[in-house]
file query_17.cif (mmCIF, C-alpha atoms; chains and numbers go by the auth columns)
data_my_file
#
loop_
_atom_site.group_PDB
_atom_site.id
_atom_site.type_symbol
_atom_site.label_atom_id
_atom_site.label_comp_id
_atom_site.label_asym_id
_atom_site.label_seq_id
_atom_site.Cartn_x
_atom_site.Cartn_y
_atom_site.Cartn_z
_atom_site.B_iso_or_equiv
_atom_site.auth_seq_id
_atom_site.auth_asym_id
ATOM 1 C CA SER A 1 236.491 115.150 266.604 0.00 1 A
ATOM 2 C CA GLU A 2 234.967 111.655 266.696 0.00 2 A
ATOM 3 C CA GLN A 3 237.920 110.122 268.508 0.00 3 A
ATOM 4 C CA PRO A 4 237.926 110.111 272.321 0.00 4 A
ATOM 5 C CA GLU A 5 241.734 110.157 272.511 0.00 5 A
ATOM 6 C CA PRO A 6 244.395 112.322 270.822 0.00 6 A
ATOM 7 C CA MET A 7 245.587 110.918 267.482 0.00 7 A
ATOM 8 C CA ARG A 8 248.896 110.418 265.704 0.00 8 A
ATOM 9 C CA ILE A 9 249.391 112.512 262.604 0.00 9 A
ATOM 10 C CA SER A 10 249.661 109.385 260.442 0.00 10 A
ATOM 11 C CA ASP A 11 246.299 108.136 261.722 0.00 11 A
ATOM 12 C CA ILE A 12 244.666 111.502 261.026 0.00 12 A
ATOM 13 C CA ALA A 13 246.105 111.508 257.520 0.00 13 A
ATOM 14 C CA GLN A 14 244.871 107.984 256.847 0.00 14 A
ATOM 15 C CA ARG A 15 241.340 108.722 258.103 0.00 15 A
ATOM 16 C CA CYS A 16 241.176 111.897 256.006 0.00 16 A
ATOM 17 C CA GLY A 17 242.711 110.307 252.934 0.00 17 A
ATOM 18 C CA MET A 18 245.443 112.943 252.840 0.00 18 A
ATOM 19 C CA ASN A 19 249.225 113.036 252.804 0.00 19 A
ATOM 20 C CA VAL A 20 250.953 113.359 256.168 0.00 20 A
ATOM 21 C CA SER A 21 252.671 116.553 254.975 0.00 21 A
ATOM 22 C CA THR A 22 249.320 118.156 254.128 0.00 22 A
ATOM 23 C CA VAL A 23 247.826 117.172 257.479 0.00 23 A
ATOM 24 C CA HIS A 24 250.909 118.538 259.219 0.00 24 A
ATOM 25 C CA ARG A 25 250.419 121.910 257.499 0.00 25 A
ATOM 26 C CA PHE A 26 246.760 121.997 258.527 0.00 26 A
ATOM 27 C CA LEU A 27 247.553 121.013 262.110 0.00 27 A
ATOM 28 C CA THR A 28 250.272 123.660 262.327 0.00 28 A
ATOM 29 C CA ALA A 29 247.771 126.305 261.221 0.00 29 A
ATOM 30 C CA LEU A 30 245.122 125.009 263.634 0.00 30 A
ATOM 31 C CA GLN A 31 247.636 125.048 266.500 0.00 31 A
ATOM 32 C CA ALA A 32 248.707 128.600 265.681 0.00 32 A
ATOM 33 C CA ARG A 33 245.089 129.717 265.976 0.00 33 A
ATOM 34 C CA GLY A 34 244.310 127.704 269.118 0.00 34 A
ATOM 35 C CA TYR A 35 242.059 125.082 267.520 0.00 35 A
ATOM 36 C CA ALA A 36 244.397 122.105 268.042 0.00 36 A
ATOM 37 C CA VAL A 37 247.037 121.085 270.560 0.00 37 A
ATOM 38 C CA GLN A 38 249.826 118.550 270.474 0.00 38 A
ATOM 39 C CA ASP A 39 250.743 116.475 273.504 0.00 39 A
ATOM 40 C CA MET A 40 254.495 116.920 273.794 0.00 40 A
ATOM 41 C CA GLU A 41 255.085 113.481 275.344 0.00 41 A
ATOM 42 C CA SER A 42 253.123 111.384 272.868 0.00 42 A
ATOM 43 C CA GLY A 43 253.190 113.738 269.868 0.00 43 A
ATOM 44 C CA ARG A 44 249.459 113.129 269.378 0.00 44 A
ATOM 45 C CA TYR A 45 246.999 115.842 268.398 0.00 45 A
ATOM 46 C CA SER A 46 243.566 116.798 269.644 0.00 46 A
ATOM 47 C CA LEU A 47 241.086 119.592 269.028 0.00 47 A
ATOM 48 C CA THR A 48 240.385 122.296 271.575 0.00 48 A
ATOM 49 C CA PHE A 49 237.080 123.654 272.806 0.00 49 A
ATOM 50 C CA LYS A 50 237.623 126.669 270.576 0.00 50 A
ATOM 51 C CA PHE A 51 235.787 124.701 267.877 0.00 51 A
ATOM 52 C CA CYS A 52 232.677 124.911 270.060 0.00 52 A
ATOM 53 C CA ARG A 53 232.599 128.654 269.439 0.00 53 A
ATOM 54 C CA ILE A 54 232.081 128.043 265.739 0.00 54 A
ATOM 55 C CA GLY A 55 229.128 125.765 266.407 0.00 55 A
ATOM 56 C CA ASN A 56 227.680 128.144 268.967 0.00 56 A
ATOM 57 C CA SER A 57 227.909 131.130 266.632 0.00 57 A
ATOM 58 C CA ILE A 58 226.150 129.214 263.848 0.00 58 A
ATOM 59 C CA GLN A 59 223.466 128.023 266.232 0.00 59 A
ATOM 60 C CA ALA A 60 222.920 131.540 267.619 0.00 60 A
ATOM 61 C CA ARG A 61 222.178 133.000 264.194 0.00 61 A
ATOM 62 C CA THR A 62 220.120 130.091 262.885 0.00 62 A
ATOM 63 C CA ASP A 63 216.395 129.805 263.459 0.00 63 A
ATOM 64 C CA LEU A 64 215.849 126.051 263.636 0.00 64 A
ATOM 65 C CA ARG A 65 212.074 126.455 263.449 0.00 65 A
ATOM 66 C CA GLU A 66 212.366 128.346 260.185 0.00 66 A
ATOM 67 C CA MET A 67 214.781 125.775 258.766 0.00 67 A
ATOM 68 C CA SER A 68 212.425 122.903 259.546 0.00 68 A
ATOM 69 C CA LEU A 69 209.485 124.360 257.628 0.00 69 A
ATOM 70 C CA PRO A 70 208.637 122.626 254.352 0.00 70 A
#
call {"tool": "encode", "arguments": {"input": "query_17.cif", "output": "structure tokens"}}
result
Amino acid sequence: SEQPEPMRISDIAQRCGMNVSTVHRFLTALQARGYAVQDMESGRYSLTFKFCRIGNSIQARTDLREMSLP
């Protein structure tokens, strides 16, 4: 999510400290659920805006004022 451009699977694996095969399994699952896409020309992966829904749902049910109280 921190990268502005789609990434190669080997680069994702290296940054996560995981095996390429493990990252491939995760990416396959994320793609199947619409959270990641693969550019067919370059083979690089990127996240979709579907991840924003997760953040929005957490934010909607969280009272930030209450959380910030001592």
call {"tool": "resolve_selection", "arguments": {"input": "query_17.cif", "expression": "the PyMOL selection byres ((chain A and resi 45) around 7)", "output": "count of residues only"}}
result
10
call {"tool": "resolve_selection", "arguments": {"input": "query_17.cif", "expression": "the PyMOL selection byres ((chain A and resi 49) around 12)", "output": "PyMOL selection string"}}
result
chain A and resi 1+34-37+46-48+50-56
call {"tool": "atom_distance", "arguments": {"input": "query_17.cif", "atom1": "atom CA of A:Arg33", "atom2": "atom CA of A:Asp11"}}
result
22.0 Å
call {"tool": "closest_residue", "arguments": {"input": "query_17.cif", "among": "A:Thr62, A:Leu27, A:Arg15, A:Glu41", "to": "A:Gln3", "atoms": "all atoms listed in the file"}}
result
A:Arg15
call {"tool": "atom_distance", "arguments": {"input": "query_17.cif", "atom1": "atom CA of A:Glu5", "atom2": "atom CA of A:Ser42"}}
result
11.5 Å
call {"tool": "residues_near_point", "arguments": {"input": "query_17.cif", "point": "(246.5, 120.8, 259.1)", "cutoff": "12 Å", "atoms": "only C-alpha atoms", "output": "list in words"}}
result
Ile9, Ser10, Ile12, Ala13, Cys16, Met18, Asn19, Val20, Ser21, Thr22, Val23, His24, Arg25, Phe26, Leu27, Thr28, Ala29, Leu30, Gln31, Ala32, Arg33, Tyr35, Ala36, Val37, Tyr45, Ser46 and Leu47 of chain A
call {"tool": "write_last_selection", "arguments": {"input": "query_17.cif", "atoms": "C-alpha atoms", "output": "PDB file, keeping the file's coordinate frame"}}
result
ATOM      1  CA  ILE A   9     249.391 112.512 262.604  1.00  0.00           C
ATOM      2  CA  SER A  10     249.661 109.385 260.442  1.00  0.00           C
ATOM      3  CA  ILE A  12     244.666 111.502 261.026  1.00  0.00           C
ATOM      4  CA  ALA A  13     246.105 111.508 257.520  1.00  0.00           C
ATOM      5  CA  CYS A  16     241.176 111.897 256.006  1.00  0.00           C
ATOM      6  CA  MET A  18     245.443 112.943 252.840  1.00  0.00           C
ATOM      7  CA  ASN A  19     249.225 113.036 252.804  1.00  0.00           C
ATOM      8  CA  VAL A  20     250.953 113.359 256.168  1.00  0.00           C
ATOM      9  CA  SER A  21     252.671 116.553 254.975  1.00  0.00           C
ATOM     10  CA  THR A  22     249.320 118.156 254.128  1.00  0.00           C
ATOM     11  CA  VAL A  23     247.826 117.172 257.479  1.00  0.00           C
ATOM     12  CA  HIS A  24     250.909 118.538 259.219  1.00  0.00           C
ATOM     13  CA  ARG A  25     250.419 121.910 257.499  1.00  0.00           C
ATOM     14  CA  PHE A  26     246.760 121.997 258.527  1.00  0.00           C
ATOM     15  CA  LEU A  27     247.553 121.013 262.110  1.00  0.00           C
ATOM     16  CA  THR A  28     250.272 123.660 262.327  1.00  0.00           C
ATOM     17  CA  ALA A  29     247.771 126.305 261.221  1.00  0.00           C
ATOM     18  CA  LEU A  30     245.122 125.009 263.634  1.00  0.00           C
ATOM     19  CA  GLN A  31     247.636 125.048 266.500  1.00  0.00           C
ATOM     20  CA  ALA A  32     248.707 128.600 265.681  1.00  0.00           C
ATOM     21  CA  ARG A  33     245.089 129.717 265.976  1.00  0.00           C
ATOM     22  CA  TYR A  35     242.059 125.082 267.520  1.00  0.00           C
ATOM     23  CA  ALA A  36     244.397 122.105 268.042  1.00  0.00           C
ATOM     24  CA  VAL A  37     247.037 121.085 270.560  1.00  0.00           C
ATOM     25  CA  TYR A  45     246.999 115.842 268.398  1.00  0.00           C
ATOM     26  CA  SER A  46     243.566 116.798 269.644  1.00  0.00           C
ATOM     27  CA  LEU A  47     241.086 119.592 269.028  1.00  0.00           C
TER      28      LEU A  47
END
call {"tool": "axis_aligned_box", "arguments": {"input": "query_17.cif", "around": "stretch 32-35 of chain A", "padding_each_side": "3 Å", "output": "lines of an AutoDock Vina configuration file"}}
result
center_x = 245.4
center_y = 127.4
center_z = 267.4
size_x = 12.6
size_y = 10.6
size_z = 9.4
